[in-house]
>>> print(open('model.json').read())   # JSON, C-alpha atoms and all ligand atoms
[["chain", "number", "residue", "atom", "x", "y", "z"],
["A", 476, "MET", "CA", -12.62, 7.89, 27.03],
["A", 477, "VAL", "CA", -11.92, 11.24, 28.69],
["A", 478, "VAL", "CA", -8.24, 11.66, 29.56],
["A", 479, "GLY", "CA", -7.19, 14.32, 32.07],
["A", 480, "PHE", "CA", -3.60, 15.51, 32.38],
["A", 481, "ILE", "CA", -2.46, 16.83, 35.76],
["A", 482, "GLY", "CA", 0.45, 18.91, 34.52],
["A", 483, "SER", "CA", 0.73, 20.42, 31.04],
["A", 484, "GLY", "CA", 4.48, 20.43, 30.50],
["A", 485, "ASN", "CA", 6.74, 18.82, 27.93],
["A", 486, "MET", "CA", 5.57, 15.21, 28.23],
["A", 487, "ALA", "CA", 1.87, 16.01, 28.61],
["A", 488, "ALA", "CA", 2.15, 18.17, 25.47],
["A", 489, "ALA", "CA", 3.92, 15.40, 23.54],
["A", 490, "MET", "CA", 1.27, 12.80, 24.42],
["A", 491, "ALA", "CA", -1.60, 15.21, 23.76],
["A", 492, "ARG", "CA", -0.14, 16.17, 20.36],
["A", 493, "GLY", "CA", 0.22, 12.50, 19.47],
["A", 494, "TRP", "CA", -3.41, 11.81, 20.38],
["A", 495, "ALA", "CA", -4.56, 14.90, 18.50],
["A", 496, "ARG", "CA", -2.86, 13.49, 15.36],
["A", 497, "ALA", "CA", -3.91, 9.85, 15.88],
["A", 498, "GLU", "CA", -6.35, 8.49, 13.32],
["A", 499, "GLN", "CA", -7.98, 6.15, 15.83],
["A", 500, "ASP", "CA", -7.98, 5.11, 19.48],
["A", 501, "SER", "CA", -7.46, 8.63, 20.80],
["A", 502, "PRO", "CA", -9.34, 10.05, 23.81],
["A", 503, "SER", "CA", -12.84, 11.44, 23.19],
["A", 504, "GLU", "CA", -11.74, 14.54, 25.13],
["A", 505, "MET", "CA", -8.52, 15.78, 26.76],
["A", 506, "LEU", "CA", -8.51, 17.93, 29.90],
["A", 507, "PHE", "CA", -5.54, 19.82, 31.36],
["A", 508, "THR", "CA", -4.37, 21.55, 34.54],
["A", 509, "ASP", "CA", -1.15, 23.33, 35.51],
["A", 510, "SER", "CA", 0.13, 25.08, 38.62],
["A", 511, "GLY", "CA", -0.60, 28.58, 37.33],
["A", 512, "SER", "CA", 1.66, 29.07, 34.31],
["A", 513, "GLY", "CA", -1.15, 29.09, 31.73],
["A", 514, "ARG", "CA", 0.36, 26.12, 29.88],
["A", 515, "ALA", "CA", -2.87, 24.12, 30.37],
["A", 516, "THR", "CA", -4.91, 26.72, 28.47],
["A", 517, "ALA", "CA", -2.31, 27.05, 25.70],
["A", 518, "LEU", "CA", -2.06, 23.27, 25.27],
["A", 519, "ALA", "CA", -5.84, 22.82, 25.33],
["A", 520, "GLU", "CA", -6.17, 25.44, 22.58],
["A", 521, "GLU", "CA", -3.44, 23.78, 20.54],
["A", 522, "VAL", "CA", -4.81, 20.23, 20.64],
["A", 523, "GLY", "CA", -8.51, 20.97, 20.87],
["A", 524, "GLY", "CA", -8.93, 20.04, 24.55],
["A", 525, "ARG", "CA", -10.13, 21.92, 27.65],
["A", 526, "ALA", "CA", -8.29, 23.51, 30.56],
["A", 527, "VAL", "CA", -9.94, 22.79, 33.91],
["A", 528, "GLU", "CA", -9.94, 24.98, 37.05],
["A", 529, "SER", "CA", -8.59, 22.43, 39.52],
["A", 530, "ASN", "CA", -7.08, 18.97, 39.74],
["A", 531, "GLU", "CA", -10.15, 17.90, 41.70],
["A", 532, "ASP", "CA", -12.50, 18.98, 38.88],
["A", 533, "LEU", "CA", -10.26, 17.23, 36.39],
["A", 534, "VAL", "CA", -10.42, 13.94, 38.32],
["A", 535, "ARG", "CA", -14.20, 14.12, 38.55],
["A", 536, "GLN", "CA", -14.51, 14.52, 34.76],
["A", 537, "SER", "CA", -11.86, 12.01, 33.62],
["A", 538, "ASP", "CA", -11.92, 8.26, 32.92],
["A", 539, "PHE", "CA", -8.11, 8.23, 33.00],
["A", 540, "VAL", "CA", -5.95, 10.68, 34.95],
["A", 541, "ILE", "CA", -2.40, 11.11, 33.70],
["A", 542, "LEU", "CA", 0.04, 12.29, 36.35],
["A", 543, "ALA", "CA", 2.42, 14.50, 34.37],
["A", 544, "VAL", "CA", 4.01, 16.56, 37.16],
["A", 545, "LYS", "CA", 7.60, 16.35, 38.35],
["A", 546, "PRO", "CA", 8.15, 13.65, 41.00],
["A", 547, "ALA", "CA", 8.73, 16.32, 43.67],
["A", 548, "ALA", "CA", 5.11, 17.51, 43.25],
["A", 549, "LEU", "CA", 3.56, 14.03, 43.55],
["A", 550, "GLU", "CA", 2.65, 13.93, 47.22],
["A", 551, "ALA", "CA", 1.12, 17.40, 47.32],
["A", 552, "VAL", "CA", -0.96, 16.57, 44.24],
["A", 553, "ALA", "CA", -2.08, 13.17, 45.58],
["A", 554, "GLU", "CA", -3.21, 14.67, 48.91],
["A", 555, "GLU", "CA", -5.74, 17.02, 47.33],
["A", 556, "LEU", "CA", -7.37, 14.49, 44.97],
["A", 557, "PRO", "CA", -10.50, 12.40, 45.22],
["A", 558, "ALA", "CA", -9.76, 8.80, 44.10],
["A", 559, "PRO", "CA", -9.49, 8.71, 40.28],
["A", 560, "ARG", "CA", -10.96, 5.70, 38.46],
["A", 561, "ALA", "CA", -7.56, 5.07, 36.87],
["A", 562, "VAL", "CA", -4.20, 6.80, 37.37],
["A", 563, "LEU", "CA", -1.45, 6.57, 34.74],
["A", 564, "SER", "CA", 1.80, 7.89, 36.17],
["A", 565, "LEU", "CA", 4.60, 9.20, 33.93],
["A", 566, "LEU", "CA", 6.84, 10.05, 36.87],
["A", 567, "GLY", "CA", 10.47, 9.08, 36.58],
["A", 568, "ALA", "CA", 12.02, 7.00, 39.38],
["A", 569, "THR", "CA", 8.69, 6.59, 41.19],
["A", 570, "PRO", "CA", 7.97, 2.91, 41.85],
["A", 571, "LEU", "CA", 4.57, 1.26, 41.58],
["A", 572, "ASP", "CA", 4.43, 0.54, 45.35],
["A", 573, "LYS", "CA", 4.66, 4.22, 46.16],
["A", 574, "LEU", "CA", 1.95, 5.11, 43.62],
["A", 575, "VAL", "CA", -0.37, 2.38, 44.95],
["A", 576, "GLU", "CA", 0.20, 3.66, 48.49],
["A", 577, "LEU", "CA", -0.80, 7.19, 47.44],
["A", 578, "PHE", "CA", -3.80, 6.04, 45.38],
["A", 579, "PRO", "CA", -5.13, 3.00, 47.27],
["A", 580, "ASP", "CA", -8.65, 3.22, 45.79],
["A", 581, "SER", "CA", -7.64, 3.66, 42.12],
["A", 582, "ALA", "CA", -6.38, 1.41, 39.35],
["A", 583, "VAL", "CA", -2.72, 2.46, 39.16],
["A", 584, "ILE", "CA", -0.46, 2.05, 36.13],
["A", 585, "ARG", "CA", 3.18, 3.17, 35.98],
["A", 586, "LEU", "CA", 4.42, 4.29, 32.58],
["A", 587, "MET", "CA", 7.61, 5.65, 31.10],
["A", 588, "PRO", "CA", 7.04, 7.31, 27.71],
["A", 589, "ASN", "CA", 9.56, 8.97, 25.44],
["A", 590, "LEU", "CA", 9.22, 12.09, 23.32],
["A", 591, "GLY", "CA", 8.44, 10.13, 20.13],
["A", 592, "VAL", "CA", 4.80, 9.93, 21.33],
["A", 593, "GLU", "CA", 4.41, 13.42, 19.86],
["A", 594, "VAL", "CA", 4.72, 11.95, 16.34],
["A", 595, "ASN", "CA", 2.98, 8.63, 17.16],
["A", 596, "ARG", "CA", 6.35, 6.85, 17.11],
["A", 597, "GLY", "CA", 7.02, 6.76, 20.83],
["A", 598, "VAL", "CA", 8.14, 3.98, 23.11],
["A", 599, "ILE", "CA", 6.19, 3.47, 26.32],
["A", 600, "CYS", "CA", 7.33, 1.09, 29.02],
["A", 601, "MET", "CA", 4.62, -0.08, 31.40],
["A", 602, "ALA", "CA", 5.46, -1.63, 34.75],
["A", 603, "GLU", "CA", 3.70, -5.00, 34.99],
["A", 604, "PRO", "CA", 0.46, -3.91, 36.61],
["A", 605, "GLU", "CA", -0.74, -5.48, 39.86],
["A", 606, "GLY", "CA", -4.43, -6.13, 40.47],
["A", 607, "VAL", "CA", -5.64, -3.72, 37.80],
["A", 608, "ASP", "CA", -9.05, -4.41, 36.30],
["A", 609, "GLU", "CA", -8.65, -6.10, 32.88],
["A", 610, "GLU", "CA", -11.03, -3.63, 31.17],
["A", 611, "ILE", "CA", -8.99, -0.64, 32.40],
["A", 612, "LEU", "CA", -5.80, -2.32, 31.28],
["A", 613, "GLU", "CA", -7.13, -3.04, 27.81],
["A", 614, "GLN", "CA", -8.44, 0.53, 27.44],
["A", 615, "SER", "CA", -5.04, 1.86, 28.53],
["A", 616, "ARG", "CA", -3.13, -0.36, 26.09],
["A", 617, "THR", "CA", -5.43, 0.74, 23.25],
["A", 618, "LEU", "CA", -5.04, 4.46, 24.01],
["A", 619, "LEU", "CA", -1.27, 4.21, 24.44],
["A", 620, "GLY", "CA", -0.91, 2.03, 21.35],
["A", 621, "SER", "CA", -2.03, 4.90, 19.11],
["A", 622, "ILE", "CA", 1.03, 6.98, 20.09],
["A", 623, "ALA", "CA", 3.70, 4.37, 20.89],
["A", 624, "SER", "CA", 4.83, 0.78, 20.98],
["A", 625, "VAL", "CA", 4.05, -0.46, 24.48],
["A", 626, "HIS", "CA", 6.36, -2.80, 26.39],
["A", 627, "GLU", "CA", 5.53, -4.38, 29.74],
["A", 628, "LEU", "CA", 8.48, -4.79, 32.12],
["A", 629, "PRO", "CA", 8.96, -5.65, 35.78],
["A", 630, "ASP", "CA", 8.69, -2.53, 37.94],
["A", 631, "SER", "CA", 12.30, -3.10, 39.02],
["A", 632, "ALA", "CA", 13.48, -2.68, 35.40],
["A", 633, "MET", "CA", 11.78, 0.69, 34.82],
["A", 634, "ASP", "CA", 14.71, 2.92, 35.84],
["A", 635, "VAL", "CA", 17.09, 1.09, 33.51],
["A", 636, "ALA", "CA", 14.48, 1.31, 30.74],
["A", 637, "THR", "CA", 14.11, 5.04, 31.43],
["A", 638, "ALA", "CA", 17.85, 5.52, 30.99],
["A", 639, "VAL", "CA", 17.88, 3.76, 27.61],
["A", 640, "MET", "CA", 14.55, 4.85, 26.06],
["A", 641, "GLY", "CA", 13.23, 7.82, 28.07],
["A", 642, "CYS", "CA", 16.43, 9.88, 28.02],
["A", 643, "SER", "CA", 17.85, 8.68, 24.70],
["A", 644, "PRO", "CA", 15.94, 10.96, 22.30],
["A", 645, "ALA", "CA", 18.00, 13.77, 23.85],
["A", 646, "TYR", "CA", 21.23, 11.79, 23.30],
["A", 647, "PHE", "CA", 20.36, 11.05, 19.67],
["A", 648, "ALA", "CA", 19.63, 14.76, 19.28],
["A", 649, "VAL", "CA", 23.18, 15.50, 20.51],
["A", 650, "VAL", "CA", 24.50, 13.24, 17.73],
["A", 651, "ALA", "CA", 22.25, 14.98, 15.20],
["A", 652, "GLU", "CA", 23.36, 18.41, 16.40],
["A", 653, "ALA", "CA", 27.06, 17.52, 16.19],
["A", 654, "LEU", "CA", 26.89, 15.93, 12.73],
["A", 655, "GLY", "CA", 24.48, 18.57, 11.45],
["A", 656, "SER", "CA", 26.71, 21.40, 12.56],
["A", 657, "GLU", "CA", 29.78, 19.80, 10.96],
["A", 658, "GLY", "CA", 27.78, 19.37, 7.75],
["A", 659, "THR", "CA", 26.81, 23.03, 7.94],
["A", 660, "HIS", "CA", 30.41, 24.13, 8.52],
["A", 661, "GLY", "CA", 31.32, 21.97, 5.53],
["A", 662, "GLY", "CA", 28.94, 23.93, 3.31],
["A", 663, "LEU", "CA", 25.50, 22.27, 3.53],
["A", 664, "GLU", "CA", 22.44, 24.39, 4.28],
["A", 665, "PRO", "CA", 21.62, 23.82, 8.00],
["A", 666, "GLU", "CA", 18.16, 22.39, 7.26],
["A", 667, "VAL", "CA", 19.60, 20.08, 4.59],
["A", 668, "ALA", "CA", 22.30, 18.86, 6.99],
["A", 669, "ILE", "CA", 19.77, 18.09, 9.76],
["A", 670, "LYS", "CA", 17.42, 16.41, 7.30],
["A", 671, "LEU", "CA", 20.21, 14.15, 5.99],
["A", 672, "VAL", "CA", 21.21, 13.20, 9.54],
["A", 673, "GLY", "CA", 17.59, 12.64, 10.60],
["A", 674, "GLU", "CA", 16.80, 10.39, 7.66],
["A", 675, "SER", "CA", 20.01, 8.44, 8.30],
["A", 676, "LEU", "CA", 18.90, 7.95, 11.92],
["A", 677, "ALA", "CA", 15.46, 6.78, 10.76],
["A", 678, "GLY", "CA", 17.02, 4.29, 8.34],
["A", 679, "THR", "CA", 19.39, 3.03, 11.02],
["A", 680, "ALA", "CA", 16.41, 2.52, 13.34],
["A", 681, "GLU", "CA", 14.82, 0.31, 10.67],
["A", 682, "LEU", "CA", 18.09, -1.59, 10.15],
["A", 683, "LEU", "CA", 18.28, -2.29, 13.89],
["A", 684, "LYS", "CA", 15.13, -4.40, 13.52],
["A", 685, "ARG", "CA", 17.08, -6.76, 11.23],
["A", 686, "ARG", "CA", 20.78, -6.41, 12.09],
["A", 687, "THR", "CA", 22.83, -6.07, 15.25],
["A", 688, "PRO", "CA", 24.62, -2.78, 15.98],
["A", 689, "PHE", "CA", 27.93, -4.51, 15.26],
["A", 690, "GLU", "CA", 26.69, -5.80, 11.87],
["A", 691, "ILE", "CA", 25.64, -2.29, 10.89],
["A", 692, "GLN", "CA", 29.03, -0.87, 11.85],
["A", 693, "THR", "CA", 30.94, -3.49, 9.86],
["A", 694, "ALA", "CA", 28.59, -3.22, 6.87],
["A", 695, "VAL", "CA", 29.22, 0.54, 6.60],
["A", 696, "ALA", "CA", 32.93, 0.58, 7.47],
["A", 697, "SER", "CA", 34.84, -1.04, 4.64],
["A", 698, "PRO", "CA", 38.53, -1.62, 5.46],
["A", 699, "GLY", "CA", 40.61, 1.47, 4.85],
["A", 700, "GLY", "CA", 37.52, 3.58, 4.15],
["A", 701, "SER", "CA", 36.23, 6.87, 5.52],
["A", 702, "THR", "CA", 33.77, 5.33, 8.02],
["A", 703, "GLU", "CA", 36.54, 3.16, 9.44],
["A", 704, "ALA", "CA", 38.61, 6.31, 9.96],
["A", 705, "GLY", "CA", 35.61, 7.99, 11.57],
["A", 706, "LEU", "CA", 34.93, 5.05, 13.91],
["A", 707, "GLU", "CA", 38.58, 5.00, 14.97],
["A", 708, "ALA", "CA", 38.44, 8.74, 15.71],
["A", 709, "LEU", "CA", 35.17, 8.23, 17.60],
["A", 710, "ALA", "CA", 36.72, 5.47, 19.75],
["A", 711, "ALA", "CA", 39.83, 7.57, 20.40],
["A", 712, "ALA", "CA", 37.60, 10.47, 21.52],
["A", 713, "GLY", "CA", 35.69, 8.13, 23.89],
["A", 714, "GLY", "CA", 32.45, 8.13, 21.85],
["A", 715, "ALA", "CA", 30.88, 4.95, 23.26],
["A", 716, "ASP", "CA", 32.30, 5.73, 26.73],
["A", 717, "ALA", "CA", 30.54, 9.10, 26.64],
["A", 718, "PHE", "CA", 27.16, 7.37, 26.15],
["A", 719, "ARG", "CA", 27.97, 4.91, 28.96],
["A", 720, "ALA", "CA", 28.71, 7.91, 31.18],
["A", 721, "ALA", "CA", 25.37, 9.47, 30.21],
["A", 722, "TYR", "CA", 23.57, 6.24, 31.12],
["A", 723, "GLU", "CA", 25.38, 6.01, 34.48],
["A", 724, "ALA", "CA", 24.63, 9.65, 35.31],
["A", 725, "SER", "CA", 20.91, 9.19, 34.56],
["A", 726, "ILE", "CA", 20.70, 6.07, 36.70],
["A", 727, "ALA", "CA", 22.57, 7.77, 39.54],
["A", 728, "ARG", "CA", 20.20, 10.77, 39.41],
["A", 729, "MET", "CA", 17.16, 8.47, 39.47],
["A", 730, "ARG", "CA", 18.58, 6.64, 42.50],
["A", 731, "GLY", "CA", 19.22, 9.93, 44.28],
["A", 732, "ASN", "CA", 23.04, 9.69, 44.15],
["A", 801, "LIG", "N1", 10.15, 15.25, 29.34],
["A", 801, "LIG", "C1", 10.30, 13.97, 29.03],
["A", 801, "LIG", "O1", 10.83, 13.59, 27.96],
["A", 801, "LIG", "C2", 9.80, 12.91, 29.98],
["A", 801, "LIG", "C3", 9.93, 11.57, 29.61],
["A", 801, "LIG", "C4", 9.40, 10.58, 30.42],
["A", 801, "LIG", "C5", 8.78, 10.92, 31.62],
["A", 801, "LIG", "N2", 8.71, 12.21, 31.98],
["A", 801, "LIG", "C6", 8.06, 12.51, 33.28],
["A", 801, "LIG", "O2", 6.94, 13.34, 33.04],
["A", 801, "LIG", "C7", 6.76, 14.20, 34.18],
["A", 801, "LIG", "C8", 6.63, 15.63, 33.66],
["A", 801, "LIG", "O3", 7.86, 15.98, 33.01],
["A", 801, "LIG", "P1", 7.91, 17.24, 32.04],
["A", 801, "LIG", "O4", 9.23, 17.17, 31.36],
["A", 801, "LIG", "O5", 6.66, 17.29, 31.22],
["A", 801, "LIG", "O6", 7.89, 18.42, 33.14],
["A", 801, "LIG", "P2", 7.48, 19.94, 32.97],
["A", 801, "LIG", "O7", 7.62, 20.38, 31.55],
["A", 801, "LIG", "O8", 8.22, 20.67, 34.06],
["A", 801, "LIG", "O9", 5.92, 19.96, 33.34],
["A", 801, "LIG", "C9", 5.44, 19.76, 34.63],
["A", 801, "LIG", "C10", 3.99, 20.27, 34.67],
["A", 801, "LIG", "O10", 3.46, 19.98, 35.95],
["A", 801, "LIG", "C11", 2.66, 21.09, 36.34],
["A", 801, "LIG", "N3", 2.37, 21.08, 37.78],
["A", 801, "LIG", "C12", 3.24, 21.19, 38.81],
["A", 801, "LIG", "N4", 2.54, 21.14, 39.99],
["A", 801, "LIG", "C13", 1.22, 20.98, 39.67],
["A", 801, "LIG", "C14", 0.02, 20.89, 40.41],
["A", 801, "LIG", "N5", 0.01, 20.91, 41.75],
["A", 801, "LIG", "N6", -1.15, 20.75, 39.74],
["A", 801, "LIG", "C15", -1.16, 20.72, 38.37],
["A", 801, "LIG", "N7", -0.07, 20.81, 37.60],
["A", 801, "LIG", "C16", 1.12, 20.95, 38.25],
["A", 801, "LIG", "C17", 3.48, 22.27, 35.88],
["A", 801, "LIG", "O11", 2.68, 23.42, 35.90],
["A", 801, "LIG", "P3", 3.21, 24.86, 35.36],
["A", 801, "LIG", "O12", 3.11, 24.75, 33.86],
["A", 801, "LIG", "O13", 2.22, 25.80, 35.95],
["A", 801, "LIG", "O14", 4.61, 25.01, 35.87],
["A", 801, "LIG", "C18", 3.86, 21.80, 34.48],
["A", 801, "LIG", "O15", 2.82, 22.09, 33.56],
["A", 801, "LIG", "C19", 7.97, 14.01, 35.10],
["A", 801, "LIG", "O16", 7.59, 13.27, 36.24],
["A", 801, "LIG", "C20", 8.97, 13.26, 34.26],
["A", 801, "LIG", "O17", 9.72, 12.33, 35.04],
["A", 801, "LIG", "C21", 9.18, 13.23, 31.19]]
>>> encode(input="model.json", output="structure tokens")
Amino acid sequence: MVVGFIGSGNMAAAMARGWARAEQDSPSEMLFTDSGSGRATALAEEVGGRAVESNEDLVRQSDFVILAVKPAALEAVAEELPAPRAVLSLLGATPLDKLVELFPDSAVIRLMPNLGVEVNRGVICMAEPEGVDEEILEQSRTLLGSIASVHELPDSAMDVATAVMGCSPAYFAVVAEALGSEGTHGGLEPEVAIKLVGESLAGTAELLKRRTPFEIQTAVASPGGSTEAGLEALAAAGGADAFRAAYEASIARMRGN
């Protein structure tokens, strides 16, 4: 399957890197365009793909076209394109109806990936597709499955999903940065501090498959112990409230407020 990326920015690069590392079910070829920055050529060189002159050429050569531009560029891009066989949109806050309206003669799939696709540990939410050919759907699920776990949700749930899984790698990175820098101030080598935090995050992610968040908190925080003191300080500083505020701000931005 030839996969063409319209847009070669952060998310296109993450997906392309994931496919370049995947042991199976990756595209046979990856094609890239940009709006003139040169990122398409750089990314193609990095992952072993090919930069293409125009979006039109890219569509003609691709089995799947991935829309990886910012939402504001969508309409201008759609206007200049011949109908792709299949369009996979990564655009935040852009509902399926709008995509189908812009690409009436294509199979249209709305996705929301997160940055973990770069290391084949991503999460991809897929809006429940409407009227898409079963073969195209299966091919899409197979390709996406080599870089992420894929979850189908109603289109109406995609913005909420974006706020909890699309944005959250950045929030977890804030936690890692804060704890890592305290560890460094306390005397650890910076790379050791970040590694310890990262491995703790990875272990917690595994634990979350078996235990609830509350169970993990109570299992770590023995009465009178240092974690209990830390959790109390976190609550007093509005730790959980800060993440609720981040969620609300993301949702508000997606809804144009
Ligand atoms: N970043 C994430 O973690 C993330 C997560 C989930 C979804 N998304 C979605 O993914 C999309 C891309 O986000 P991003 O963070 O990757 O943005 P980005 O880094 O700004 O990349 C956007 C890319 O689109 C290119 N572009 C703009 N107009 C174009 C045109 N007419 N033809 C071809 N390419 C064009 C830009 O070209 P130049 O390089 O020439 O500027 C750039 O390469 C967004 O819709 C976003 O909602 C992102």
>>> residues_around(input="model.json", residues="A:Arg560", least_positions_apart="6", cutoff="10 Å", atoms="only C-alpha atoms", output="NGL selection string")
:A and (534-535 or 537-540 or 578 or 580-583 or 611)
>>> residues_around(input="model.json", residues="stretch 680-694 of chain A", least_positions_apart="6", cutoff="12 Å", atoms="only C-alpha atoms", output="PDB file with C-alpha atoms, in the frame of the given file")
ATOM      1  CA  ARG A 596       6.350   6.850  17.110  1.00  0.00           C
ATOM      2  CA  PHE A 647      20.360  11.050  19.670  1.00  0.00           C
ATOM      3  CA  GLY A 673      17.590  12.640  10.600  1.00  0.00           C
ATOM      4  CA  GLU A 674      16.800  10.390   7.660  1.00  0.00           C
ATOM      5  CA  GLY A 700      37.520   3.580   4.150  1.00  0.00           C
ATOM      6  CA  THR A 702      33.770   5.330   8.020  1.00  0.00           C
ATOM      7  CA  GLU A 703      36.540   3.160   9.440  1.00  0.00           C
ATOM      8  CA  GLY A 705      35.610   7.990  11.570  1.00  0.00           C
ATOM      9  CA  LEU A 706      34.930   5.050  13.910  1.00  0.00           C
ATOM     10  CA  GLU A 707      38.580   5.000  14.970  1.00  0.00           C
TER      11      GLU A 707
END
>>> residues_near_ligand(input="model.json", ligand="ligand LIG 801 (chain A)", cutoff="9 Å", atoms="only C-alpha atoms and all ligand atoms", output="ChimeraX atom specification")
/A:480-489,507-515,529-530,542-549,551-553,555,564-569,586-591,599,637,640-642,644-645
>>> atom_distance(input="model.json", atom1="atom CA of A:Val478", atom2="atom CA of A:Val562")
10.0 Å
>>> atom_distance(input="model.json", atom1="atom CA of A:Asp572", atom2="atom CA of A:Glu531")
23.0 Å
>>> axis_aligned_box(input="model.json", around="stretch 520-529 of chain A", padding_each_side="6 Å", output="lines of an AutoDock Vina configuration file")
center_x = -6.8
center_y = 22.7
center_z = 30.0
size_x = 18.7
size_y = 17.4
size_z = 31.0
>>> closest_residue(input="model.json", among="A:Met490, A:Met476, A:Ala721, A:Ala495", to="A:Thr617", atoms="all atoms listed in the file")
A:Met476
>>> closest_residue(input="model.json", among="A:Leu556, A:Leu577, A:Ala632, A:Val672", to="A:Cys600", atoms="all atoms listed in the file")
A:Ala632
>>> atom_distance(input="model.json", atom1="atom CA of A:Asp716", atom2="atom CA of A:Ala653")
16.7 Å
>>> closest_residue(input="model.json", among="A:Pro557, A:Val695, A:Arg730, A:Glu652", to="A:Met633", atoms="all atoms listed in the file")
A:Arg730
>>> residues_around(input="model.json", residues="stretch 628-631 of chain A", least_positions_apart="2", cutoff="8 Å", atoms="all atoms listed in the file", output="PyMOL selection string")
chain A and resi 570-571+600-603+626+633-634
>>> decode(input="model.json", residues="stretch 500-516 of chain A", atoms="N, CA and C atoms", output="mmCIF file, in the first residue's frame")
data_model
loop_
_atom_site.group_PDB
_atom_site.id
_atom_site.type_symbol
_atom_site.label_atom_id
_atom_site.label_comp_id
_atom_site.auth_asym_id
_atom_site.auth_seq_id
_atom_site.Cartn_x
_atom_site.Cartn_y
_atom_site.Cartn_z
ATOM 1 N N ASP A 500 3.314 -4.917 8.291
ATOM 2 C CA ASP A 500 2.113 -4.110 8.053
ATOM 3 C C ASP A 500 2.398 -2.624 7.905
ATOM 4 N N SER A 501 3.583 -2.291 7.382
ATOM 5 C CA SER A 501 3.857 -0.880 7.099
ATOM 6 C C SER A 501 3.588 -0.624 5.608
ATOM 7 N N PRO A 502 3.494 0.645 5.195
ATOM 8 C CA PRO A 502 3.250 0.934 3.780
ATOM 9 C C PRO A 502 4.400 0.428 2.908
ATOM 10 N N SER A 503 4.095 0.113 1.645
ATOM 11 C CA SER A 503 5.171 -0.304 0.728
ATOM 12 C C SER A 503 6.012 0.917 0.368
ATOM 13 N N GLU A 504 5.385 2.091 0.365
ATOM 14 C CA GLU A 504 6.120 3.335 0.086
ATOM 15 C C GLU A 504 5.405 4.493 0.797
ATOM 16 N N MET A 505 6.185 5.493 1.223
ATOM 17 C CA MET A 505 5.575 6.682 1.835
ATOM 18 C C MET A 505 5.975 7.916 1.023
ATOM 19 N N LEU A 506 4.969 8.733 0.705
ATOM 20 C CA LEU A 506 5.175 9.954 -0.072
ATOM 21 C C LEU A 506 4.815 11.159 0.791
ATOM 22 N N PHE A 507 5.460 12.297 0.524
ATOM 23 C CA PHE A 507 5.265 13.467 1.388
ATOM 24 C C PHE A 507 5.187 14.764 0.578
ATOM 25 N N THR A 508 4.338 15.695 1.052
ATOM 26 C CA THR A 508 4.374 17.079 0.554
ATOM 27 C C THR A 508 4.417 18.034 1.746
ATOM 28 N N ASP A 509 4.760 19.284 1.462
ATOM 29 C CA ASP A 509 4.654 20.343 2.474
ATOM 30 C C ASP A 509 4.228 21.611 1.746
ATOM 31 N N SER A 510 4.221 22.744 2.453
ATOM 32 C CA SER A 510 3.812 23.973 1.765
ATOM 33 C C SER A 510 5.017 24.837 1.417
ATOM 34 N N GLY A 511 6.203 24.220 1.369
ATOM 35 C CA GLY A 511 7.374 24.964 0.917
ATOM 36 C C GLY A 511 8.520 25.013 1.911
ATOM 37 N N SER A 512 8.339 24.413 3.090
ATOM 38 C CA SER A 512 9.385 24.504 4.119
ATOM 39 C C SER A 512 10.586 23.597 3.858
ATOM 40 N N GLY A 513 10.372 22.537 3.054
ATOM 41 C CA GLY A 513 11.437 21.541 2.864
ATOM 42 C C GLY A 513 11.321 20.376 3.844
ATOM 43 N N ARG A 514 10.299 20.417 4.710
ATOM 44 C CA ARG A 514 10.178 19.311 5.682
ATOM 45 C C ARG A 514 9.837 17.987 4.990
ATOM 46 N N ALA A 515 9.144 18.054 3.851
ATOM 47 C CA ALA A 515 8.791 16.807 3.139
ATOM 48 C C ALA A 515 10.067 16.091 2.689
ATOM 49 N N THR A 516 11.002 16.837 2.121
ATOM 50 C CA THR A 516 12.244 16.226 1.643
ATOM 51 C C THR A 516 13.048 15.665 2.810
#
